[in-house]
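Remarks on the structure that follows.
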Amino acid sequence: MAEAGAHLTSTVVSEQPSVFEVLAQESLMEAVRPALKHAVKVLAESNPSRFGFLWRCFDELYLLLDLLLQNHFLSNCSASFSENFYGLKRVSGRQRLPVRLGMTRTSRWWSLLLLCLLPYLQAKLEATLARQRDEEDFSIRLAQTRSQRLYRAAVAAYPYVSSAWQTWIFCQQLLFVFGVSRTHSPLLWLAGVRLERLNTQDIRDMEWKARTPGRPAGGSVMQRAWWMMSQAARGMAVSVSSSLSMGVFFLQFLEWWYSSENLSTVKALTSLPAPPPPLHLQQDQGGLGSESRNCPLCRKPHTNATVLSTSGFVFCYRCIYTYVKSNHRCPVTGYPTELQHLIKIYSPES
């Protein structure tokens, strides 16, 4: 990413970035995850049997990709991917004099932890909170144990904790704008680092590292294998970062396109077509008319008939509720499905 700092001169040394630069680099990584998630969703819906696992394991796969990418840039550029893209670096918060490119091992591990693991845990917690709300809306509340009540209380307290965290971020950014604080984010403060602009010497150091890759420390098989794995990871990180760099403006466009203002337009353009009935159901309906009244899961007449809005098939409420809660997809078509897609069917007699 030496091109990102081509505008720098030797007169700019350890200069503190502006609030616009630090907010721009944060918005870059916030746009990457939704764009990749939508691409994986479209791929999974096109072929659920082949690519469905990508959607089900998206959080874990994105965490692995994020760890690989951020570890490469923290090790070689002393910055995250988005920070390096905007010509910034991380330095120890206690250092006042101009410093060379590089981070301590402790600061690097704390930065990697807060950059990758914390957003993963937050995404998992928000998904759990969403499922909890769906279960409260679409299921009958049963007697709960003490551990379940504590769990529900912790989930209920999460919105207040999230609000307090957002308030802290806003206050930190306000202090950064007025020059009271040297960091704009609580995550940087927790990691013990701050952001500065890259200077000419930093760019030379990064170019030198790129031209002189490391060599295996010894001749043992394990050391050679570890060196080959590190070089493969480095090459993968470079290729991923190059792809993201070229597609950064496309990702920004996707973030705008799938915003709340364009939600209705996107929903109309990307709505799933009505799937045809499976062949075995067509044969059953041709031979026996009563088969159309049977649930595809239990093969018995519908009890409390419920239809899936994602596929149009009718099931017993108990059968489809249990299946969707465990597998999050339609059992016939394989389309991604959640509990809120269950619709009660009311017959004229009722």
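Going through the structure tokens in order, the chains are called A, B, and so on, while each chain numbers its residues from 1 and the ligands are numbered from 1 in the order shown.
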
Region 114-120 of chain A surroundings by only C-alpha atoms, 8 Å radius, close-in-sequence under 4 positions cut, as a PyMOL selection string: chain A and resi 59+63+66-67+70+110+124+187+191

Could the residues of region 19-108 of chain A that have an atom at most 10 Å from region 335-342 of chain A be listed as a Markdown table, each with its closest atom pair and the distance in Å to one decimal, counting only C-alpha atoms and ordered by chain and ascending residue number?
| residue | atom | partner | partner_atom | distance |
| --- | --- | --- | --- | --- |
| A:Lys41 | CA | A:Pro336 | CA | 8.7 |
| A:Ala44 | CA | A:Tyr335 | CA | 8.3 |
| A:Glu45 | CA | A:Tyr335 | CA | 6.1 |
| A:Ser46 | CA | A:Tyr335 | CA | 9.0 |
| A:Asn47 | CA | A:Tyr335 | CA | 9.0 |
| A:Pro48 | CA | A:Tyr335 | CA | 6.7 |
| A:Ser49 | CA | A:Tyr335 | CA | 9.6 |
| A:Gly52 | CA | A:Pro336 | CA | 8.5 |
| A:Trp55 | CA | A:Pro336 | CA | 8.7 |
| A:Arg56 | CA | A:Pro336 | CA | 9.2 |

So that I have them on file, write out the residues from the current selection with N, CA, C and O atoms, as a compact mmCIF listing (two decimals), in the first residue's frame.
# COMPACT_ATOMS: atom_id res chain seq x y z
N LYS A 41 -24.88 -14.59 0.24
CA LYS A 41 -26.31 -14.91 0.29
C LYS A 41 -26.86 -15.20 -1.09
O LYS A 41 -27.61 -16.17 -1.30
N ALA A 44 -25.55 -18.57 -2.17
CA ALA A 44 -26.20 -19.68 -1.47
C ALA A 44 -27.62 -19.90 -1.98
O ALA A 44 -28.09 -21.04 -2.08
N GLU A 45 -28.33 -18.83 -2.30
CA GLU A 45 -29.70 -18.97 -2.80
C GLU A 45 -29.72 -19.53 -4.22
O GLU A 45 -30.68 -20.19 -4.61
N SER A 46 -28.66 -19.28 -4.99
CA SER A 46 -28.62 -19.82 -6.35
C SER A 46 -28.41 -21.34 -6.35
O SER A 46 -28.92 -22.03 -7.24
N ASN A 47 -27.64 -21.85 -5.38
CA ASN A 47 -27.39 -23.29 -5.30
C ASN A 47 -27.22 -23.67 -3.83
O ASN A 47 -26.10 -23.76 -3.32
N PRO A 48 -28.34 -23.89 -3.09
CA PRO A 48 -28.23 -24.16 -1.65
C PRO A 48 -27.46 -25.42 -1.31
O PRO A 48 -26.75 -25.46 -0.31
N SER A 49 -27.57 -26.45 -2.12
CA SER A 49 -26.90 -27.70 -1.78
C SER A 49 -25.38 -27.58 -1.88
O SER A 49 -24.65 -28.25 -1.14
N GLY A 52 -24.58 -23.63 0.29
CA GLY A 52 -25.32 -23.29 1.50
C GLY A 52 -24.44 -23.20 2.74
O GLY A 52 -24.71 -22.40 3.64
N TRP A 55 -23.12 -19.70 3.61
CA TRP A 55 -24.03 -18.81 4.31
C TRP A 55 -24.15 -19.20 5.77
O TRP A 55 -24.18 -18.34 6.65
N ARG A 56 -24.21 -20.51 6.05
CA ARG A 56 -24.36 -20.95 7.44
C ARG A 56 -23.10 -20.67 8.25
O ARG A 56 -23.19 -20.40 9.45

From the options A:Ala31, A:Cys298, A:Ile345, A:Met228, which residue's atoms come nearest to Val314 (chain A), counting only C-alpha atoms? A:Ile345

CA of Cys295 (chain A) and CA of Cys316 (chain A) are how many Å apart? 6.0 Å

Please report, as a tab-separated table, each residue of region 18-46 of chain A lying at most 10 Å from region 195-208 of chain A, together with the nearest pair of atoms and the separation in Å rounded to one decimal; use only C-alpha atoms, and order rows by chain and ascending residue number.
residue	atom	partner	partner_atom	distance
A:Ser18	CA	A:Glu196	CA	9.5
A:Glu21	CA	A:Arg197	CA	9.8
A:Val22	CA	A:Leu195	CA	8.3
